[in-house]
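Q: My file is query13.cif. It has mmCIF, C-alpha atoms:
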data_my_file
#
loop_
_atom_site.label_atom_id
_atom_site.label_comp_id
_atom_site.auth_asym_id
_atom_site.auth_seq_id
_atom_site.Cartn_x
_atom_site.Cartn_y
_atom_site.Cartn_z
CA MET E 95 -65.18 62.03 123.39
CA GLU E 96 -63.85 65.61 123.39
CA LEU E 97 -65.62 66.37 126.66
CA LEU E 98 -64.28 63.17 128.24
CA LEU E 99 -60.68 63.94 127.25
CA VAL E 100 -60.67 67.51 128.54
CA SER E 101 -62.55 66.46 131.71
CA LEU E 102 -59.83 63.91 132.50
CA ALA E 103 -57.21 66.59 131.89
CA SER E 104 -59.14 68.97 134.18
CA MET E 105 -59.21 66.36 136.96
CA LEU E 106 -55.45 65.81 136.74
CA ALA E 107 -54.91 69.58 136.60
CA GLY E 108 -57.00 70.04 139.75
CA PHE E 109 -54.95 67.34 141.50
CA VAL E 110 -51.60 68.96 140.69
CA ASP E 111 -52.81 72.53 141.20
CA SER E 112 -54.22 71.81 144.66
CA ILE E 113 -50.84 70.60 145.90
CA VAL E 114 -48.45 73.16 144.48
CA GLY E 115 -49.92 74.97 141.46
CA GLY E 116 -49.14 74.37 137.81
CA GLY E 117 -52.47 72.84 136.79
CA GLY E 118 -52.56 75.01 133.69
CA LEU E 119 -49.56 73.04 132.46
CA ILE E 120 -51.95 70.12 131.97
CA LEU E 121 -55.35 71.55 131.08
CA ILE E 122 -54.36 74.38 128.72
CA PRO E 123 -52.31 72.16 126.33
CA ALA E 124 -55.13 69.59 126.40
CA LEU E 125 -57.68 72.25 125.40
CA PHE E 126 -55.46 73.52 122.58
CA ALA E 127 -54.89 69.96 121.34
CA VAL E 128 -58.58 69.02 121.37
CA PHE E 129 -59.82 72.36 119.97
CA PRO E 130 -56.93 73.54 117.72
CA THR E 131 -59.00 76.03 115.69
CA THR E 132 -60.64 77.80 118.65
CA HIS E 133 -59.62 81.32 119.63
CA PRO E 134 -56.95 81.12 122.37
CA ALA E 135 -58.84 83.56 124.63
CA THR E 136 -61.83 81.21 124.65
CA LEU E 137 -59.70 78.25 125.70
CA LEU E 138 -58.01 80.32 128.41
CA GLY E 139 -61.47 81.36 129.59
CA VAL E 140 -62.59 77.73 129.73
CA ASN E 141 -59.44 76.87 131.70
CA LYS E 142 -60.17 79.61 134.25
CA SER E 143 -63.82 78.54 134.53
CA ALA E 144 -62.63 75.12 135.71
CA ALA E 145 -59.54 76.14 137.71
CA VAL E 146 -61.33 78.72 139.84
CA TRP E 147 -63.51 76.01 141.41
CA GLY E 148 -60.63 73.67 142.11
CA THR E 149 -58.54 76.38 143.77
CA ALA E 150 -61.51 77.61 145.80
CA ILE E 151 -62.32 74.12 147.07
CA ALA E 152 -58.65 73.50 147.88
CA ALA E 153 -58.46 76.80 149.78
CA ALA E 154 -61.51 75.81 151.82
CA GLN E 155 -60.06 72.36 152.57
CA TYR E 156 -56.70 73.78 153.64
CA SER E 157 -58.35 76.41 155.86
CA ARG E 158 -59.93 73.65 157.97
CA ARG E 159 -56.59 72.01 158.75
CA VAL E 160 -53.99 74.76 158.34
CA GLU E 161 -53.90 78.02 160.29
CA MET E 162 -54.55 80.69 157.67
CA ARG E 163 -53.05 84.09 158.52
CA TRP E 164 -56.12 86.03 157.42
CA ARG E 165 -54.86 89.47 158.49
CA SER E 166 -52.11 89.09 155.90
CA LEU E 167 -53.91 87.01 153.30
CA ALA E 168 -57.17 88.99 153.02
CA PRO E 169 -55.51 92.20 151.75
CA ALA E 170 -53.16 90.07 149.64
CA ALA E 171 -56.17 88.43 147.94
CA LEU E 172 -57.51 91.87 147.02
CA ALA E 173 -54.09 92.88 145.69
CA GLY E 174 -53.92 89.67 143.64
CA PHE E 175 -57.37 90.33 142.19
CA ALA E 176 -56.34 93.84 141.13
CA GLY E 177 -52.99 92.64 139.78
CA ALA E 178 -54.60 89.92 137.67
CA MET E 179 -57.11 92.38 136.24
CA ALA E 180 -54.29 94.77 135.34
CA GLY E 181 -52.31 91.94 133.76
CA ALA E 182 -55.28 90.77 131.71
CA TRP E 183 -55.76 94.34 130.47
CA ALA E 184 -52.02 94.68 129.69
CA VAL E 185 -52.02 91.60 127.48
CA THR E 186 -54.58 93.34 125.25
CA VAL E 187 -52.09 96.10 124.47
CA ALA E 188 -48.68 94.39 124.74
CA SER E 189 -47.26 91.04 123.68
CA PRO E 190 -45.91 88.63 126.32
CA GLY E 191 -43.28 87.42 123.84
CA ILE E 192 -40.25 88.58 125.85
CA LEU E 193 -41.67 87.10 129.04
CA ARG E 194 -42.24 83.81 127.21
CA LYS E 195 -38.49 83.53 126.55
CA LEU E 196 -37.43 84.68 130.01
CA LEU E 197 -39.77 82.38 131.95
CA PRO E 198 -37.80 79.09 131.57
CA PHE E 199 -34.70 80.78 132.99
CA VAL E 200 -36.61 82.31 135.91
CA LEU E 201 -38.09 78.89 136.71
CA LEU E 202 -34.64 77.31 136.43
CA GLY E 203 -33.36 79.79 139.02
CA VAL E 204 -36.26 78.87 141.32
CA LEU E 205 -35.48 75.15 140.92
CA ILE E 206 -31.75 75.53 141.54
CA TYR E 207 -32.36 77.66 144.63
CA THR E 208 -34.88 75.16 146.03
CA LEU E 209 -32.56 72.21 145.44
CA ALA E 210 -29.56 74.02 146.92
CA ARG E 211 -31.46 74.96 150.09
CA LYS E 212 -32.46 71.53 151.31
CA ASP E 213 -34.04 72.98 154.45
CA LEU E 214 -36.11 75.51 152.49
CA GLY E 215 -39.79 75.29 153.37
CA ARG E 216 -39.45 72.39 155.81
CA HIS E 217 -40.33 74.45 158.89
CA HIS E 218 -43.12 76.98 159.29
CA ALA E 219 -41.57 80.08 160.87
CA PRO E 220 -43.14 83.32 159.59
CA SER E 221 -40.44 85.94 159.96
CA LEU E 222 -42.35 89.25 159.78
CA SER E 223 -44.76 91.11 162.02
CA VAL E 224 -48.41 90.98 160.98
CA GLY E 225 -48.34 94.46 159.43
CA ARG E 226 -45.14 93.87 157.47
CA GLU E 227 -46.28 90.43 156.41
CA ALA E 228 -49.53 91.91 155.06
CA ILE E 229 -47.56 94.45 153.02
CA ALA E 230 -45.11 91.82 151.71
CA ALA E 231 -47.89 89.32 150.93
CA SER E 232 -49.86 92.01 149.08
CA ALA E 233 -46.80 92.96 147.03
CA ILE E 234 -46.23 89.29 146.13
CA ALA E 235 -49.90 88.85 145.26
CA ALA E 236 -50.00 91.97 143.07
CA LEU E 237 -46.84 90.91 141.21
CA VAL E 238 -47.80 87.27 140.68
CA GLY E 239 -51.43 88.27 140.03
CA PHE E 240 -50.28 90.61 137.25
CA TYR E 241 -48.21 87.78 135.81
CA ASP E 242 -51.18 85.41 136.06
CA GLY E 243 -53.41 87.80 134.13
CA PHE E 244 -50.72 88.70 131.59
CA PHE E 245 -49.25 85.26 130.89
CA GLY E 246 -50.00 82.69 133.58
CA PRO E 247 -48.07 79.38 133.51
CA GLY E 248 -46.92 78.38 136.99
CA ALA E 249 -48.51 81.31 138.86
CA GLY E 250 -49.51 79.04 141.76
CA SER E 251 -45.95 77.72 141.99
CA PHE E 252 -44.57 81.27 142.12
CA PHE E 253 -46.96 82.05 144.98
CA VAL E 254 -45.66 79.01 146.87
CA PHE E 255 -42.00 79.85 146.27
CA PHE E 256 -42.27 83.51 147.32
CA PHE E 257 -44.24 82.67 150.47
CA VAL E 258 -41.61 80.11 151.43
CA ARG E 259 -38.60 82.26 150.54
CA ALA E 260 -39.78 85.73 151.57
CA LEU E 261 -42.23 85.07 154.42
CA GLY E 262 -40.76 81.98 156.10
CA TYR E 263 -43.71 79.66 155.45
CA ASP E 264 -43.24 75.92 155.07
CA PHE E 265 -44.40 74.36 151.79
CA LEU E 266 -47.73 73.17 153.20
CA ASN E 267 -48.74 76.56 154.61
CA ALA E 268 -47.44 78.31 151.50
CA SER E 269 -49.55 76.04 149.32
CA ALA E 270 -52.62 76.80 151.45
CA ALA E 271 -52.03 80.55 151.10
CA ALA E 272 -51.36 80.16 147.38
CA LYS E 273 -54.74 78.50 146.85
CA LEU E 274 -56.55 81.47 148.38
CA LEU E 275 -54.61 84.02 146.33
CA ASN E 276 -54.87 81.95 143.15
CA THR E 277 -58.63 81.79 143.64
CA ALA E 278 -58.71 85.61 143.66
CA THR E 279 -56.59 85.89 140.50
CA ASN E 280 -58.64 83.20 138.75
CA ILE E 281 -61.90 85.00 139.58
CA SER E 282 -60.47 88.25 138.24
CA ALA E 283 -59.35 86.70 134.95
CA LEU E 284 -62.59 84.72 134.59
CA LEU E 285 -64.66 87.90 134.98
CA LEU E 286 -62.72 89.54 132.17
CA PHE E 287 -63.03 86.53 129.87
CA ALA E 288 -66.75 86.19 130.65
CA LEU E 289 -67.45 89.85 129.96
CA LYS E 290 -65.77 89.46 126.58
CA GLY E 291 -67.72 86.27 125.81
CA HIS E 292 -64.73 83.94 125.97
CA VAL E 293 -66.19 81.17 128.15
CA TRP E 294 -67.95 77.99 126.97
CA TRP E 295 -70.34 77.54 129.86
CA HIS E 296 -71.61 74.18 128.55
CA TYR E 297 -68.08 72.83 128.99
CA ALA E 298 -67.34 74.80 132.15
CA VAL E 299 -69.70 72.80 134.38
CA ALA E 300 -68.23 69.39 133.52
CA LEU E 301 -64.64 70.64 133.68
CA ALA E 302 -65.28 72.35 137.02
CA ALA E 303 -66.71 69.14 138.51
CA ALA E 304 -63.68 67.15 137.32
CA ASN E 305 -61.30 69.83 138.60
CA ILE E 306 -62.94 69.79 142.03
CA LEU E 307 -62.61 66.00 142.22
CA GLY E 308 -58.90 66.17 141.45
CA SER E 309 -58.48 69.08 143.86
CA LEU E 310 -60.07 67.17 146.75
CA LEU E 311 -57.72 64.23 146.19
CA GLY E 312 -54.63 66.40 145.90
CA THR E 313 -55.49 68.43 149.00
CA HIS E 314 -56.06 65.22 150.98
CA LEU E 315 -52.60 63.92 150.03
CA ALA E 316 -50.90 67.24 150.80
CA LEU E 317 -52.51 67.48 154.24
CA LYS E 318 -51.77 63.84 154.97
CA HIS E 319 -48.10 63.88 154.00
CA GLY E 320 -47.17 67.47 154.90
CA ALA E 321 -44.52 69.94 153.80
CA ALA E 322 -41.93 67.36 152.67
CA PHE E 323 -44.40 65.84 150.20
CA VAL E 324 -45.42 69.26 148.88
CA ARG E 325 -41.75 70.17 148.40
CA ILE E 326 -41.17 67.08 146.26
CA VAL E 327 -44.23 67.81 144.12
CA PHE E 328 -43.09 71.44 143.81
CA ILE E 329 -39.71 70.34 142.44
CA LEU E 330 -41.36 67.97 139.95
CA VAL E 331 -43.88 70.56 138.76
CA VAL E 332 -41.27 73.31 138.35
CA THR E 333 -39.07 70.89 136.39
CA ALA E 334 -42.00 70.08 134.10
CA LEU E 335 -42.76 73.80 133.71
CA ILE E 336 -39.15 74.48 132.69
CA CYS E 337 -39.35 71.79 130.01
CA LYS E 338 -42.76 72.92 128.73
CA THR E 339 -42.12 76.67 128.71
CA GLY E 340 -38.62 76.20 127.30
CA TYR E 341 -39.96 74.09 124.44
CA ASP E 342 -42.76 76.59 123.74
CA ALA E 343 -40.35 79.55 123.79
CA PHE E 344 -37.52 78.19 121.67
CA PHE E 345 -38.67 75.18 119.63
CA ARG E 346 -42.24 75.91 118.50
#
With the file now loaded, output its structure as structure tokens.

A:
Amino acid sequence: MELLLVSLASMLAGFVDSIVGGGGLILIPALFAVFPTTHPATLLGVNKSAAVWGTAIAAAQYSRRVEMRWRSLAPAALAGFAGAMAGAWAVTVASPGILRKLLPFVLLGVLIYTLARKDLGRHHAPSLSVGREAIAASAIAALVGFYDGFFGPGAGSFFVFFFVRALGYDFLNASAAAKLLNTATNISALLLFALKGHVWWHYAVALAAANILGSLLGTHLALKHGAAFVRIVFILVVTALICKTGYDAFFR
């Protein structure tokens, strides 16, 4: 029964994550609810062992239908990998407590900005030269990657927002890029958790399969309905993240 419950949560997480990020909002609470006495690092490791497959499959699916700007995204993926590793190391020596309380307000700012700019992310018009875009994308990836390794909730959504706002991508192309970069940060964090023995591999296989199934469905819907659909899901996921992180920061 435990495996069934967390597998269903993993499938739903893969669905949401493949569209706009935020899958951890679903799977991580489910893991903590089903296994309340387990060390948090182990549950985070299990989450990454599932999420990495869903994001990788989504990235592959997007790359077949969306033009991926590899000259910018390849160095950004490396920067995200390094940033996530640094963030995962940092959390071993510093508490993310302050960030936990700031996060709901940062997300609220993202939501307000997105709602106020009704044309934001509707049209794909990259605004930088290839060289400058590679530098900007790498900076975004390193920053969000560090956050993903250090704390994590909503990292995929931050990737989407920054690619839309800073680089001129539409929501569909930003989501495609985010899946590639999120795969790199997930691999980085998973390596660290695995080296420290914080992964239940007997659960990882089933959760990964469920996550891939959800990811395939979510990617199909995003590609079918385009940037406007992804924008709506982005708004809904960020709203849910505000509620969840705000409750965790101030009422638990």

Q: Identify, on the basis of all atoms listed in the file, every residue whose closest approach to range 308-320 of chain E does not exceed 12 Å; exclude the query and any residue fewer than 4 positions from it along the same chain; express the result as number ranges by chain.

A: E: 101-115, 117, 144-160, 215-218, 264-270, 273, 301-304, 324-328

Q: I need the residue nearest Gly291 in chain E from this list: E:Leu99, E:Val140, E:Ala180, E:Ala124. Use all atoms listed in the file for the distance.

A: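 Closest to Gly291 in chain E of all the choices is E:Val140.
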
Q: Enter the distance from CA of Ala260 in chain E to CA of Leu121 in chain E, in Å, rounded to one decimal.

A: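 Separating CA of Ala260 in chain E from CA of Leu121 in chain E is a distance of 29.4 Å.
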
Q: Take CA of Ala272 in chain E and CA of Ala173 in chain E and report the distance between them in Å, one decimal.

A: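 Calculated distance between CA of Ala272 in chain E and CA of Ala173 in chain E is 13.1 Å.
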
Q: Determine, for each residue of range 298-346 of chain E having at least one atom at most 12 Å from an atom of range 240-254 of chain E, the closest pair of atoms and their separation in Å to one decimal, counting all atoms listed in the file; order by chain and ascending number, as JSON lines.

A:
{"residue": "E:Ala321", "atom": "CA", "partner": "E:Val254", "partner_atom": "CA", "distance": 11.5}
{"residue": "E:Val324", "atom": "CA", "partner": "E:Val254", "partner_atom": "CA", "distance": 10.0}
{"residue": "E:Arg325", "atom": "CA", "partner": "E:Val254", "partner_atom": "CA", "distance": 9.8}
{"residue": "E:Val327", "atom": "CA", "partner": "E:Ser251", "partner_atom": "CA", "distance": 10.3}
{"residue": "E:Phe328", "atom": "CA", "partner": "E:Ser251", "partner_atom": "CA", "distance": 7.1}
{"residue": "E:Ile329", "atom": "CA", "partner": "E:Ser251", "partner_atom": "CA", "distance": 9.7}
{"residue": "E:Leu330", "atom": "CA", "partner": "E:Ser251", "partner_atom": "CA", "distance": 11.0}
{"residue": "E:Val331", "atom": "CA", "partner": "E:Ser251", "partner_atom": "CA", "distance": 8.1}
{"residue": "E:Val332", "atom": "CA", "partner": "E:Ser251", "partner_atom": "CA", "distance": 7.4}
{"residue": "E:Thr333", "atom": "CA", "partner": "E:Gly248", "partner_atom": "CA", "distance": 10.9}
{"residue": "E:Ala334", "atom": "CA", "partner": "E:Gly248", "partner_atom": "CA", "distance": 10.1}
{"residue": "E:Leu335", "atom": "CA", "partner": "E:Gly248", "partner_atom": "CA", "distance": 7.0}
{"residue": "E:Ile336", "atom": "CA", "partner": "E:Gly248", "partner_atom": "CA", "distance": 9.7}
{"residue": "E:Lys338", "atom": "CA", "partner": "E:Pro247", "partner_atom": "CA", "distance": 9.6}
{"residue": "E:Thr339", "atom": "CA", "partner": "E:Pro247", "partner_atom": "CA", "distance": 8.1}
{"residue": "E:Gly340", "atom": "CA", "partner": "E:Pro247", "partner_atom": "CA", "distance": 11.7}
{"residue": "E:Asp342", "atom": "CA", "partner": "E:Pro247", "partner_atom": "CA", "distance": 11.5}

Q: Smallest atom-to-atom distance to Leu125 in chain E: which of E:Ala233, E:Ala322, E:Tyr297, E:Tyr341, using all atoms listed in the file?

A: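 Closest candidate: E:Tyr297.
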
Q: Hey, could you pull the box centre and edge lengths for range 201-216 of chain E, axis-aligned, 4 Å padding per side, all listed atoms, to one decimal in Å, as AutoDock Vina command-line options?

A:
--center_x -34.7 --center_y 75.7 --center_z 146.1 --size_x 18.2 --size_y 16.3 --size_z 27.4

Q: Have a look at CA of Ser282 in chain E and CA of Ala176 in chain E and let me know their distance in Å, one decimal.

A: 7.5 Å

Q: Within 8 Å of Ala228 in chain E, counting all atoms listed in the file, which residues qualify if same-chain residues fewer than 4 places away don't, as a list in words?

A: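 Counting only the stated atoms, we get Arg165, Ser166, Leu167, Pro169, Ala170, Val224 and Ser232 of chain E.
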
Q: Report as a list of chain:residue names all protein, DNA and RNA residues lying within 10 Å of Ser143 in chain E, evaluated on all atoms listed in the file, omitting residues in the same chain fewer than 5 positions from it.

A: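 My reading of the contact set: E:Leu137, E:Leu138, E:Gly148, E:Asn280, E:Ile281, E:Ala283, E:Leu284, E:Leu285, E:Phe287, E:Ala288, E:Val293, E:Trp294, E:Trp295, E:Tyr297, E:Ala298, E:Val299, E:Leu301, E:Ala302, E:Asn305.
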